Amino acid sequence: MSDCCQHHHHPTPEKSPAQKQHAPEGALYTCPMHPEVQQQGPGSCPKCGMALEPMEVSVDEAPNHELIDFSKRFKIGLIFTLPILILSMSSLPYGNWIQLALSLPAVLWAGAPLFHRGWFSVKTKNLNMFTLIALGTGVAFIYSAMATIIPGVFPDEFKIHGGQVAVYFEAAAMITTLVLLGQILELKARGQTSQAIQSLLKLAPTHARVIHPDGSEEDIDLKHVQPGNRIRVRPGEQIPVDGIVIEGQSSVDESMLTGEALPVEKLTGSLLTAGTTNQTGSLIMQAKGVGQDTLLAKIVKMVNQAQRSRAPIQRLADQVSSWFVPAVVVSAVITAIVWALFGPEPAYTYALVNAVAVLIIACPCALGLATPMSVMVATGRGAQMGVLVREAQALETLEKVDTLVFDKTGTLTLGKPKLVSVTTFGNATQNEVLALAAQLEKSSEHPLAQAISLGAKERGMNTLLSNPQSFQSHTGQGVEGVIEGRKISLGNLKLMSTLGIDLGTAQKQSDELRMQGQTVVYLAQENKLIGLLGVADPIKDTTPQALSDLKKLGLRLVMLTGDHELTAQAVAKKLGIEEVHAGVLPQQKSLLIQQLQSQGRKVAMAGDGVNDAPALTQADVGIAMGTGTDIAMQSAGLTLVKGDLRGIVKAIHLSRATLKNIRQNLFFAFAYNILGVPIAAGVLYPFFGVLLSPMIASAAMSLSSVSVIGNALRLRSKKF
């Protein structure tokens, strides 16, 4: 067993012979209600008795041996139960003996897994639904068997008209059959919660057409594709791995990632994602991410983890479940005593029947399933819309968020700044200023540095650039270095101020550039300003619509940026954002989140870079752009696969719908048990003469869990 299984202090779940035979080697299974329970191979949860599910969903769904076994037992049980029902309504000689013979396979063989789980729950002191079923069915069967074999041991209070002791073989058999039917329906419904992951897995092709160095082409198994391989993708084929277009032009359907139906045009240099579908043209791509490194594999892994995480709202159900079964057993005992003392004749028979009904109708499973089923369906649905949920807590907290904080670069904007202006001072030329700046930024991965380097390349300066003789970075301010014996400084206003460089008339010119939405970078030589470089980062086309929709949802919008105040205000004005914090250093972002939280606000933070990670972690909900860095995605509770802020709108609607669904499930589960147990105990009898048959109680109990799962599955078809 792997390390993740060894540290849990609970008895190892037992397996039936069928389960032991079919357990796949090395596969880890877990319980949807108790994700901390993990074991190799299928089995039953030692806490709730439910069938364990595989932790990793595969494309080829393995046969559910639990479902196959229960279906067989249900069919055999039903064959023997029907004649028992007919015999219970007749007065044939030796009728009780015939019912006893038919009940042996109907109750003891068909119901063996139920008794097995019930006994295991007592042995491990984890009382659950199967404790109640085994207790209720077992009492009815043993009582009836004794009444048939040794009727003389029963006092007159147990005897009905004709002096016979009443038997309840039909109740024991029917309860067993109905519970098995309920388990079958539940297993089938639970199987549907993983359909979203399976549909994602099926998107990945099994082969790729690799172009060898000699120009020959060959279809090879996907697991043999290596980073750097050239791959041909023909029209109508799925992209096999993550990579970039190196030849060709086409449109690609990326709806599986974003939920957006419109295809995306792909040219040389465009990114391609495994599982998306090439539509019109032929493409040659270079493989970058393969196997577990593809975005699709990461999405599947993240959804799997989210489906096994627990939402805080689950604690309520957990607390109730901890005392639920003992409370039901006590209720059944009180019911038996009250009926025996005050009920009509035969009082003891009424006492037995109603006590069994109380045991059977109670359903802790409905309570336990209320939250995890909704979370499992919602996280799968989110993945289909391009919203990845890393943990259930983020999904729950998002519903309460009232403030959204955005990092500007890469979140509100494309994160691909372009050099748009070069201003010179003194005798410096534009080419000289740009060449010095590009040389200093040559090895930097900062978006502004890349914009300057690209600008120099576009002007044909790339071959002229050499590495600086020395280099020093000032976080959040800029860089310094020595080029051809001259000290060169490149950075923002803070760096110029720190170095004591006089800006003179350049201040007015830089303010004018900022009011146009440009970020200004200063270049100084030997502590004397020689140039300004204006860099603009275009706003994403989808950002204005997303912000408009978020305002309609009643959210307070805040923008954070390291940019100058004027640049930030220019961008904010275009987007209609009223609250702006400019000139913010990376380490200050999390402090601003804390300030908002100290005002009693629930804060979500959207960002895409390494410098956003602390703020994403500090926020009540971190939202990472899937186009950003891995560390940002790991720090956030939610990830928008394509970095489209409209995904936040979808995520909020998903969160609200999920929490509404969970509350519906919890209400149904609580109301069902609060009403069902007293009715089964017979509270309506004195007023209306109504008693609840144990068989009806069994049907109601079996359907309660199925109803909860069915309600959760409604999230699959909900439009967001």
# chains A, B, ... in the order shown; residues from 1 in each chain; ligands from 1
call {"tool": "residues_around", "arguments": {"residues": "Gly382 of chain A", "least_positions_apart": "5", "cutoff": "9 Å", "atoms": "only C-alpha atoms", "output": "MDAnalysis selection string"}}
result
chainID A and resid 303 377 387:389 650:651 654
call {"tool": "write_last_selection", "arguments": {"atoms": "C-alpha atoms", "output": "PDB file, in the first residue's frame"}}
result
ATOM      1  CA  VAL A 303     -10.537  17.778 -11.212  1.00  0.00           C
ATOM      2  CA  VAL A 377     -20.651  16.948 -10.431  1.00  0.00           C
ATOM      3  CA  VAL A 387     -13.017  26.642 -14.878  1.00  0.00           C
ATOM      4  CA  LEU A 388     -10.764  24.319 -12.872  1.00  0.00           C
ATOM      5  CA  VAL A 389     -11.572  23.916  -9.186  1.00  0.00           C
ATOM      6  CA  LYS A 650     -19.151  31.337 -14.897  1.00  0.00           C
ATOM      7  CA  ALA A 651     -17.322  30.261 -11.730  1.00  0.00           C
ATOM      8  CA  LEU A 654     -21.354  27.613 -10.749  1.00  0.00           C
TER       9      LEU A 654
END
call {"tool": "residues_around", "arguments": {"residues": "Arg656 of chain A", "least_positions_apart": "3", "cutoff": "9 Å", "atoms": "only C-alpha atoms", "output": "PDB file with all heavy atoms, in the first residue's frame"}}
result
ATOM      1  N   LEU A 395     -14.778  26.556  -4.061  1.00  0.00           N
ATOM      2  CA  LEU A 395     -16.092  26.611  -4.698  1.00  0.00           C
ATOM      3  C   LEU A 395     -17.137  27.138  -3.722  1.00  0.00           C
ATOM      4  O   LEU A 395     -18.014  27.926  -4.089  1.00  0.00           O
ATOM      5  CB  LEU A 395     -16.479  25.208  -5.185  1.00  0.00           C
ATOM      6  CG  LEU A 395     -17.616  25.105  -6.191  1.00  0.00           C
ATOM      7  CD1 LEU A 395     -17.263  25.811  -7.480  1.00  0.00           C
ATOM      8  CD2 LEU A 395     -17.937  23.642  -6.474  1.00  0.00           C
ATOM      9  N   GLU A 396     -17.039  26.705  -2.462  1.00  0.00           N
ATOM     10  CA  GLU A 396     -17.999  27.162  -1.455  1.00  0.00           C
ATOM     11  C   GLU A 396     -17.767  28.622  -1.074  1.00  0.00           C
ATOM     12  O   GLU A 396     -18.702  29.412  -0.962  1.00  0.00           O
ATOM     13  CB  GLU A 396     -17.906  26.290  -0.198  1.00  0.00           C
ATOM     14  CG  GLU A 396     -18.864  26.733   0.892  1.00  0.00           C
ATOM     15  CD  GLU A 396     -18.827  25.839   2.121  1.00  0.00           C
ATOM     16  OE1 GLU A 396     -18.446  24.666   2.000  1.00  0.00           O
ATOM     17  OE2 GLU A 396     -19.197  26.330   3.199  1.00  0.00           O
ATOM     18  N   LEU A 398     -16.352  31.012  -2.807  1.00  0.00           N
ATOM     19  CA  LEU A 398     -16.614  31.947  -3.907  1.00  0.00           C
ATOM     20  C   LEU A 398     -18.034  32.493  -3.854  1.00  0.00           C
ATOM     21  O   LEU A 398     -18.279  33.636  -4.243  1.00  0.00           O
ATOM     22  CB  LEU A 398     -16.359  31.252  -5.251  1.00  0.00           C
ATOM     23  CG  LEU A 398     -16.407  32.146  -6.489  1.00  0.00           C
ATOM     24  CD1 LEU A 398     -15.351  33.237  -6.429  1.00  0.00           C
ATOM     25  CD2 LEU A 398     -16.216  31.323  -7.758  1.00  0.00           C
ATOM     26  N   GLU A 399     -18.962  31.695  -3.361  1.00  0.00           N
ATOM     27  CA  GLU A 399     -20.353  32.145  -3.268  1.00  0.00           C
ATOM     28  C   GLU A 399     -20.470  33.370  -2.358  1.00  0.00           C
ATOM     29  O   GLU A 399     -21.332  34.232  -2.556  1.00  0.00           O
ATOM     30  CB  GLU A 399     -21.225  31.010  -2.726  1.00  0.00           C
ATOM     31  CG  GLU A 399     -22.704  31.322  -2.771  1.00  0.00           C
ATOM     32  CD  GLU A 399     -23.486  30.669  -1.638  1.00  0.00           C
ATOM     33  OE1 GLU A 399     -22.904  30.413  -0.573  1.00  0.00           O
ATOM     34  OE2 GLU A 399     -24.685  30.445  -1.822  1.00  0.00           O
ATOM     35  N   LYS A 400     -19.590  33.464  -1.355  1.00  0.00           N
ATOM     36  CA  LYS A 400     -19.674  34.553  -0.364  1.00  0.00           C
ATOM     37  C   LYS A 400     -18.812  35.761  -0.733  1.00  0.00           C
ATOM     38  O   LYS A 400     -18.843  36.781  -0.050  1.00  0.00           O
ATOM     39  CB  LYS A 400     -19.228  34.036   1.016  1.00  0.00           C
ATOM     40  CG  LYS A 400     -19.961  32.794   1.500  1.00  0.00           C
ATOM     41  CD  LYS A 400     -19.472  32.393   2.890  1.00  0.00           C
ATOM     42  CE  LYS A 400     -20.060  31.067   3.339  1.00  0.00           C
ATOM     43  NZ  LYS A 400     -19.414  29.906   2.744  1.00  0.00           N
ATOM     44  N   ALA A 651     -17.688  30.898 -12.998  1.00  0.00           N
ATOM     45  CA  ALA A 651     -17.322  30.261 -11.730  1.00  0.00           C
ATOM     46  C   ALA A 651     -18.245  30.701 -10.599  1.00  0.00           C
ATOM     47  O   ALA A 651     -18.644  29.882  -9.756  1.00  0.00           O
ATOM     48  CB  ALA A 651     -15.872  30.596 -11.380  1.00  0.00           C
ATOM     49  N   ILE A 652     -18.604  31.981 -10.580  1.00  0.00           N
ATOM     50  CA  ILE A 652     -19.503  32.482  -9.528  1.00  0.00           C
ATOM     51  C   ILE A 652     -20.887  31.866  -9.681  1.00  0.00           C
ATOM     52  O   ILE A 652     -21.502  31.431  -8.701  1.00  0.00           O
ATOM     53  CB  ILE A 652     -19.569  34.024  -9.563  1.00  0.00           C
ATOM     54  CG1 ILE A 652     -18.218  34.601  -9.109  1.00  0.00           C
ATOM     55  CG2 ILE A 652     -20.696  34.553  -8.672  1.00  0.00           C
ATOM     56  CD1 ILE A 652     -18.085  36.093  -9.292  1.00  0.00           C
ATOM     57  N   HIS A 653     -21.379  31.813 -10.922  1.00  0.00           N
ATOM     58  CA  HIS A 653     -22.685  31.178 -11.152  1.00  0.00           C
ATOM     59  C   HIS A 653     -22.634  29.698 -10.763  1.00  0.00           C
ATOM     60  O   HIS A 653     -23.580  29.174 -10.162  1.00  0.00           O
ATOM     61  CB  HIS A 653     -23.092  31.322 -12.623  1.00  0.00           C
ATOM     62  CG  HIS A 653     -23.591  32.682 -12.987  1.00  0.00           C
ATOM     63  ND1 HIS A 653     -24.649  33.289 -12.336  1.00  0.00           N
ATOM     64  CD2 HIS A 653     -23.174  33.573 -13.930  1.00  0.00           C
ATOM     65  CE1 HIS A 653     -24.873  34.485 -12.865  1.00  0.00           C
ATOM     66  NE2 HIS A 653     -23.988  34.679 -13.839  1.00  0.00           N
ATOM     67  N   LEU A 659     -23.839  25.522  -4.292  1.00  0.00           N
ATOM     68  CA  LEU A 659     -24.228  25.675  -2.882  1.00  0.00           C
ATOM     69  C   LEU A 659     -25.741  25.585  -2.720  1.00  0.00           C
ATOM     70  O   LEU A 659     -26.237  25.020  -1.739  1.00  0.00           O
ATOM     71  CB  LEU A 659     -23.703  27.002  -2.333  1.00  0.00           C
ATOM     72  CG  LEU A 659     -22.320  26.958  -1.679  1.00  0.00           C
ATOM     73  CD1 LEU A 659     -22.387  26.143  -0.390  1.00  0.00           C
ATOM     74  CD2 LEU A 659     -21.254  26.367  -2.585  1.00  0.00           C
ATOM     75  N   LYS A 660     -26.482  26.105  -3.702  1.00  0.00           N
ATOM     76  CA  LYS A 660     -27.939  25.963  -3.667  1.00  0.00           C
ATOM     77  C   LYS A 660     -28.324  24.492  -3.746  1.00  0.00           C
ATOM     78  O   LYS A 660     -29.208  24.015  -3.013  1.00  0.00           O
ATOM     79  CB  LYS A 660     -28.561  26.741  -4.834  1.00  0.00           C
ATOM     80  CG  LYS A 660     -30.086  26.706  -4.863  1.00  0.00           C
ATOM     81  CD  LYS A 660     -30.623  27.487  -6.054  1.00  0.00           C
ATOM     82  CE  LYS A 660     -32.149  27.416  -6.126  1.00  0.00           C
ATOM     83  NZ  LYS A 660     -32.678  28.134  -7.319  1.00  0.00           N
ATOM     84  N   ASN A 661     -27.629  23.758  -4.619  1.00  0.00           N
ATOM     85  CA  ASN A 661     -27.887  22.327  -4.785  1.00  0.00           C
ATOM     86  C   ASN A 661     -27.575  21.560  -3.508  1.00  0.00           C
ATOM     87  O   ASN A 661     -28.326  20.675  -3.084  1.00  0.00           O
ATOM     88  CB  ASN A 661     -27.041  21.809  -5.956  1.00  0.00           C
ATOM     89  CG  ASN A 661     -27.446  20.421  -6.407  1.00  0.00           C
ATOM     90  OD1 ASN A 661     -26.949  19.433  -5.883  1.00  0.00           O
ATOM     91  ND2 ASN A 661     -28.341  20.333  -7.376  1.00  0.00           N
TER      92      ASN A 661
END
call {"tool": "select_by_dssp", "arguments": {"residues": "segment 150-217 of chain A", "states": "helix (DSSP H, G or I)", "output": "MDAnalysis selection string"}}
result
chainID A and resid 151:153 156:158 169:201
call {"tool": "write_last_selection", "arguments": {"atoms": "N, CA and C atoms", "output": "mmCIF file, in the first residue's frame"}}
result
data_model
loop_
_atom_site.group_PDB
_atom_site.id
_atom_site.type_symbol
_atom_site.label_atom_id
_atom_site.label_comp_id
_atom_site.auth_asym_id
_atom_site.auth_seq_id
_atom_site.Cartn_x
_atom_site.Cartn_y
_atom_site.Cartn_z
ATOM 1 N N PRO A 151 -43.059 -22.057 17.817
ATOM 2 C CA PRO A 151 -44.080 -21.056 18.160
ATOM 3 C C PRO A 151 -44.493 -21.097 19.634
ATOM 4 N N GLY A 152 -44.298 -22.261 20.324
ATOM 5 C CA GLY A 152 -44.751 -22.399 21.702
ATOM 6 C C GLY A 152 -44.021 -21.514 22.694
ATOM 7 N N VAL A 153 -42.852 -20.988 22.333
ATOM 8 C CA VAL A 153 -42.089 -20.165 23.286
ATOM 9 C C VAL A 153 -42.648 -18.746 23.401
ATOM 10 N N ASP A 156 -49.002 -15.231 24.780
ATOM 11 C CA ASP A 156 -50.234 -14.941 24.034
ATOM 12 C C ASP A 156 -50.230 -13.552 23.399
ATOM 13 N N GLU A 157 -49.460 -12.626 23.989
ATOM 14 C CA GLU A 157 -49.448 -11.250 23.462
ATOM 15 C C GLU A 157 -48.920 -11.180 22.026
ATOM 16 N N PHE A 158 -48.171 -12.214 21.601
ATOM 17 C CA PHE A 158 -47.611 -12.220 20.250
ATOM 18 C C PHE A 158 -48.550 -12.873 19.242
ATOM 19 N N PHE A 169 -41.772 -12.828 7.142
ATOM 20 C CA PHE A 169 -40.799 -13.204 6.114
ATOM 21 C C PHE A 169 -40.908 -12.269 4.906
ATOM 22 N N GLU A 170 -42.157 -11.896 4.555
ATOM 23 C CA GLU A 170 -42.339 -11.034 3.378
ATOM 24 C C GLU A 170 -41.693 -9.673 3.596
ATOM 25 N N ALA A 171 -41.753 -9.155 4.847
ATOM 26 C CA ALA A 171 -41.118 -7.865 5.145
ATOM 27 C C ALA A 171 -39.601 -7.982 5.041
ATOM 28 N N ALA A 172 -39.023 -9.042 5.648
ATOM 29 C CA ALA A 172 -37.568 -9.227 5.607
ATOM 30 C C ALA A 172 -37.073 -9.384 4.171
ATOM 31 N N ALA A 173 -37.798 -10.191 3.369
ATOM 32 C CA ALA A 173 -37.387 -10.435 1.978
ATOM 33 C C ALA A 173 -37.554 -9.179 1.133
ATOM 34 N N MET A 174 -38.684 -8.495 1.321
ATOM 35 C CA MET A 174 -38.954 -7.308 0.509
ATOM 36 C C MET A 174 -38.003 -6.170 0.855
ATOM 37 N N ILE A 175 -37.699 -6.019 2.151
ATOM 38 C CA ILE A 175 -36.738 -4.988 2.561
ATOM 39 C C ILE A 175 -35.391 -5.250 1.900
ATOM 40 N N THR A 176 -34.947 -6.503 1.954
ATOM 41 C CA THR A 176 -33.657 -6.869 1.347
ATOM 42 C C THR A 176 -33.650 -6.555 -0.144
ATOM 43 N N THR A 177 -34.727 -6.944 -0.827
ATOM 44 C CA THR A 177 -34.815 -6.736 -2.274
ATOM 45 C C THR A 177 -34.815 -5.250 -2.619
ATOM 46 N N LEU A 178 -35.584 -4.461 -1.871
ATOM 47 C CA LEU A 178 -35.667 -3.024 -2.145
ATOM 48 C C LEU A 178 -34.354 -2.308 -1.836
ATOM 49 N N VAL A 179 -33.680 -2.724 -0.771
ATOM 50 C CA VAL A 179 -32.384 -2.112 -0.444
ATOM 51 C C VAL A 179 -31.369 -2.422 -1.544
ATOM 52 N N LEU A 180 -31.385 -3.667 -2.039
ATOM 53 C CA LEU A 180 -30.494 -4.025 -3.146
ATOM 54 C C LEU A 180 -30.806 -3.181 -4.385
ATOM 55 N N LEU A 181 -32.091 -2.985 -4.665
ATOM 56 C CA LEU A 181 -32.484 -2.142 -5.799
ATOM 57 C C LEU A 181 -31.975 -0.716 -5.595
ATOM 58 N N GLY A 182 -32.137 -0.195 -4.377
ATOM 59 C CA GLY A 182 -31.644 1.148 -4.070
ATOM 60 C C GLY A 182 -30.147 1.261 -4.260
ATOM 61 N N GLN A 183 -29.394 0.229 -3.854
ATOM 62 C CA GLN A 183 -27.940 0.235 -4.019
ATOM 63 C C GLN A 183 -27.555 0.216 -5.499
ATOM 64 N N ILE A 184 -28.313 -0.544 -6.296
ATOM 65 C CA ILE A 184 -28.050 -0.596 -7.741
ATOM 66 C C ILE A 184 -28.262 0.776 -8.371
ATOM 67 N N LEU A 185 -29.396 1.411 -8.044
ATOM 68 C CA LEU A 185 -29.686 2.744 -8.580
ATOM 69 C C LEU A 185 -28.629 3.754 -8.141
ATOM 70 N N GLU A 186 -28.204 3.640 -6.877
ATOM 71 C CA GLU A 186 -27.199 4.563 -6.339
ATOM 72 C C GLU A 186 -25.856 4.380 -7.029
ATOM 73 N N LEU A 187 -25.446 3.125 -7.211
ATOM 74 C CA LEU A 187 -24.164 2.854 -7.874
ATOM 75 C C LEU A 187 -24.174 3.368 -9.311
ATOM 76 N N LYS A 188 -25.302 3.185 -10.001
ATOM 77 C CA LYS A 188 -25.403 3.684 -11.379
ATOM 78 C C LYS A 188 -25.342 5.206 -11.412
ATOM 79 N N ALA A 189 -26.051 5.833 -10.491
ATOM 80 C CA ALA A 189 -26.063 7.302 -10.438
ATOM 81 C C ALA A 189 -24.692 7.850 -10.071
ATOM 82 N N ARG A 190 -24.030 7.212 -9.095
ATOM 83 C CA ARG A 190 -22.700 7.667 -8.689
ATOM 84 C C ARG A 190 -21.701 7.536 -9.834
ATOM 85 N N GLY A 191 -21.908 6.500 -10.665
ATOM 86 C CA GLY A 191 -21.020 6.311 -11.807
ATOM 87 C C GLY A 191 -21.080 7.464 -12.788
ATOM 88 N N GLN A 192 -22.226 8.163 -12.827
ATOM 89 C CA GLN A 192 -22.387 9.275 -13.766
ATOM 90 C C GLN A 192 -21.622 10.521 -13.341
ATOM 91 N N THR A 193 -21.211 10.591 -12.064
ATOM 92 C CA THR A 193 -20.509 11.790 -11.597
ATOM 93 C C THR A 193 -19.122 11.917 -12.215
ATOM 94 N N SER A 194 -18.554 10.819 -12.719
ATOM 95 C CA SER A 194 -17.213 10.873 -13.320
ATOM 96 C C SER A 194 -17.259 11.030 -14.834
ATOM 97 N N GLN A 195 -18.460 11.206 -15.391
ATOM 98 C CA GLN A 195 -18.578 11.285 -16.846
ATOM 99 C C GLN A 195 -17.849 12.492 -17.429
ATOM 100 N N ALA A 196 -17.809 13.602 -16.661
ATOM 101 C CA ALA A 196 -17.128 14.799 -17.162
ATOM 102 C C ALA A 196 -15.644 14.525 -17.371
ATOM 103 N N ILE A 197 -15.015 13.818 -16.413
ATOM 104 C CA ILE A 197 -13.592 13.501 -16.549
ATOM 105 C C ILE A 197 -13.385 12.522 -17.699
ATOM 106 N N GLN A 198 -14.272 11.542 -17.809
ATOM 107 C CA GLN A 198 -14.131 10.563 -18.893
ATOM 108 C C GLN A 198 -14.263 11.229 -20.257
ATOM 109 N N SER A 199 -15.172 12.204 -20.361
ATOM 110 C CA SER A 199 -15.334 12.894 -21.642
ATOM 111 C C SER A 199 -14.075 13.693 -21.978
ATOM 112 N N LEU A 200 -13.394 14.238 -20.947
ATOM 113 C CA LEU A 200 -12.131 14.938 -21.186
ATOM 114 C C LEU A 200 -11.038 13.960 -21.623
ATOM 115 N N LEU A 201 -10.976 12.816 -20.939
ATOM 116 C CA LEU A 201 -9.950 11.817 -21.260
ATOM 117 C C LEU A 201 -10.113 11.291 -22.683
#
call {"tool": "atom_distance", "arguments": {"atom1": "atom CA of Val333 of chain A", "atom2": "atom CA of Val708 of chain A"}}
result
28.4 Å
call {"tool": "residues_around", "arguments": {"residues": "Ser590 of chain A", "least_positions_apart": "6", "cutoff": "12 Å", "atoms": "only C-alpha atoms", "output": "list in words"}}
result
Val405, Asp407, Leu560, Val584, Leu596, Gln597, Val603, Ala604, Met605, Gly607, Asn611, Asp612, Ala613, Pro614, Ala615, Leu616, Thr617, Gln618, Ala619, Asp620 and Gly622 of chain A
call {"tool": "closest_residue", "arguments": {"among": "A:Ser144, A:Gln450, A:Thr273, A:Ser374", "to": "Val165 of chain A", "atoms": "only C-alpha atoms"}}
result
A:Ser144
call {"tool": "residues_around", "arguments": {"residues": "His446 of chain A", "least_positions_apart": "6", "cutoff": "12 Å", "atoms": "only C-alpha atoms", "output": "list in words"}}
result
Thr409, Gly410, Gly415, Lys416, Pro417, Ile452, Ser453, Ser473, Thr475, Gly476, Gln477, Gly478, Val479, Gly491, Gly609, Val610 and Asn611 of chain A
call {"tool": "write_last_selection", "arguments": {"atoms": "N, CA, C and O atoms", "output": "PDB file, in the first residue's frame"}}
result
ATOM      1  N   THR A 409      -1.513  43.302 -15.292  1.00  0.00           N
ATOM      2  CA  THR A 409      -0.774  42.680 -16.396  1.00  0.00           C
ATOM      3  C   THR A 409      -1.055  41.182 -16.483  1.00  0.00           C
ATOM      4  O   THR A 409      -0.848  40.450 -15.520  1.00  0.00           O
ATOM      5  N   GLY A 410      -1.534  40.751 -17.642  1.00  0.00           N
ATOM      6  CA  GLY A 410      -1.789  39.331 -17.864  1.00  0.00           C
ATOM      7  C   GLY A 410      -3.131  38.861 -17.353  1.00  0.00           C
ATOM      8  O   GLY A 410      -3.530  37.726 -17.602  1.00  0.00           O
ATOM      9  N   GLY A 415      -1.000  40.690 -21.220  1.00  0.00           N
ATOM     10  CA  GLY A 415       0.256  40.256 -20.615  1.00  0.00           C
ATOM     11  C   GLY A 415       1.362  40.131 -21.648  1.00  0.00           C
ATOM     12  O   GLY A 415       2.388  39.507 -21.410  1.00  0.00           O
ATOM     13  N   LYS A 416       1.131  40.737 -22.820  1.00  0.00           N
ATOM     14  CA  LYS A 416       2.135  40.735 -23.892  1.00  0.00           C
ATOM     15  C   LYS A 416       2.386  42.174 -24.337  1.00  0.00           C
ATOM     16  O   LYS A 416       1.935  42.608 -25.402  1.00  0.00           O
ATOM     17  N   PRO A 417       3.079  42.931 -23.475  1.00  0.00           N
ATOM     18  CA  PRO A 417       3.303  44.353 -23.772  1.00  0.00           C
ATOM     19  C   PRO A 417       4.105  44.535 -25.062  1.00  0.00           C
ATOM     20  O   PRO A 417       4.939  43.700 -25.411  1.00  0.00           O
ATOM     21  N   ILE A 452      10.738  45.124 -24.807  1.00  0.00           N
ATOM     22  CA  ILE A 452      11.860  45.939 -25.287  1.00  0.00           C
ATOM     23  C   ILE A 452      12.749  45.114 -26.218  1.00  0.00           C
ATOM     24  O   ILE A 452      13.157  45.584 -27.296  1.00  0.00           O
ATOM     25  N   SER A 453      13.036  43.883 -25.831  1.00  0.00           N
ATOM     26  CA  SER A 453      13.884  43.012 -26.661  1.00  0.00           C
ATOM     27  C   SER A 453      13.232  42.755 -28.015  1.00  0.00           C
ATOM     28  O   SER A 453      13.904  42.767 -29.060  1.00  0.00           O
ATOM     29  N   SER A 473      19.792  43.227 -10.595  1.00  0.00           N
ATOM     30  CA  SER A 473      18.338  43.433 -10.644  1.00  0.00           C
ATOM     31  C   SER A 473      17.844  44.014  -9.325  1.00  0.00           C
ATOM     32  O   SER A 473      18.294  43.607  -8.253  1.00  0.00           O
ATOM     33  N   THR A 475      14.354  44.291  -7.456  1.00  0.00           N
ATOM     34  CA  THR A 475      12.986  43.787  -7.525  1.00  0.00           C
ATOM     35  C   THR A 475      11.968  44.920  -7.451  1.00  0.00           C
ATOM     36  O   THR A 475      12.009  45.751  -6.544  1.00  0.00           O
ATOM     37  N   GLY A 476      11.066  44.921  -8.422  1.00  0.00           N
ATOM     38  CA  GLY A 476       9.993  45.921  -8.432  1.00  0.00           C
ATOM     39  C   GLY A 476      10.434  47.296  -8.880  1.00  0.00           C
ATOM     40  O   GLY A 476       9.638  48.234  -8.868  1.00  0.00           O
ATOM     41  N   GLN A 477      11.725  47.435  -9.286  1.00  0.00           N
ATOM     42  CA  GLN A 477      12.209  48.765  -9.687  1.00  0.00           C
ATOM     43  C   GLN A 477      12.871  48.755 -11.064  1.00  0.00           C
ATOM     44  O   GLN A 477      12.568  49.604 -11.896  1.00  0.00           O
ATOM     45  N   GLY A 478      13.779  47.803 -11.303  1.00  0.00           N
ATOM     46  CA  GLY A 478      14.453  47.765 -12.595  1.00  0.00           C
ATOM     47  C   GLY A 478      15.781  47.052 -12.519  1.00  0.00           C
ATOM     48  O   GLY A 478      16.003  46.225 -11.624  1.00  0.00           O
ATOM     49  N   VAL A 479      16.692  47.398 -13.460  1.00  0.00           N
ATOM     50  CA  VAL A 479      17.984  46.715 -13.528  1.00  0.00           C
ATOM     51  C   VAL A 479      19.100  47.732 -13.761  1.00  0.00           C
ATOM     52  O   VAL A 479      18.871  48.851 -14.251  1.00  0.00           O
ATOM     53  N   GLY A 491      14.742  51.358 -15.582  1.00  0.00           N
ATOM     54  CA  GLY A 491      13.706  50.990 -14.615  1.00  0.00           C
ATOM     55  C   GLY A 491      12.619  52.036 -14.485  1.00  0.00           C
ATOM     56  O   GLY A 491      12.478  52.926 -15.331  1.00  0.00           O
ATOM     57  N   GLY A 609       0.988  35.714 -12.385  1.00  0.00           N
ATOM     58  CA  GLY A 609       2.441  35.610 -12.317  1.00  0.00           C
ATOM     59  C   GLY A 609       2.968  35.032 -11.026  1.00  0.00           C
ATOM     60  O   GLY A 609       2.230  34.838 -10.058  1.00  0.00           O
ATOM     61  N   VAL A 610       4.283  34.775 -11.001  1.00  0.00           N
ATOM     62  CA  VAL A 610       4.945  34.283  -9.795  1.00  0.00           C
ATOM     63  C   VAL A 610       4.765  35.281  -8.662  1.00  0.00           C
ATOM     64  O   VAL A 610       4.538  34.919  -7.510  1.00  0.00           O
ATOM     65  N   ASN A 611       4.847  36.589  -9.012  1.00  0.00           N
ATOM     66  CA  ASN A 611       4.727  37.618  -7.964  1.00  0.00           C
ATOM     67  C   ASN A 611       3.310  37.739  -7.418  1.00  0.00           C
ATOM     68  O   ASN A 611       3.079  38.426  -6.425  1.00  0.00           O
TER      69      ASN A 611
END
call {"tool": "atom_distance", "arguments": {"atom1": "atom CA of Leu557 of chain A", "atom2": "atom CA of Leu715 of chain A"}}
result
28.1 Å
call {"tool": "atom_distance", "arguments": {"atom1": "atom CA of Lys47 of chain A", "atom2": "atom CA of Val375 of chain A"}}
result
20.1 Å
call {"tool": "residues_around", "arguments": {"residues": "Gln430 of chain A", "least_positions_apart": "3", "cutoff": "12 Å", "atoms": "only C-alpha atoms", "output": "list in words"}}
result
Ser421, Val422, Thr423, Thr424, Phe425, Gly426, Asn427, Val433, Leu434, Ala435, Leu436, Ala437, Gly455, Ala456, Arg459, Met461, Leu523, Ile530, Gly531, Leu532 and Leu533 of chain A
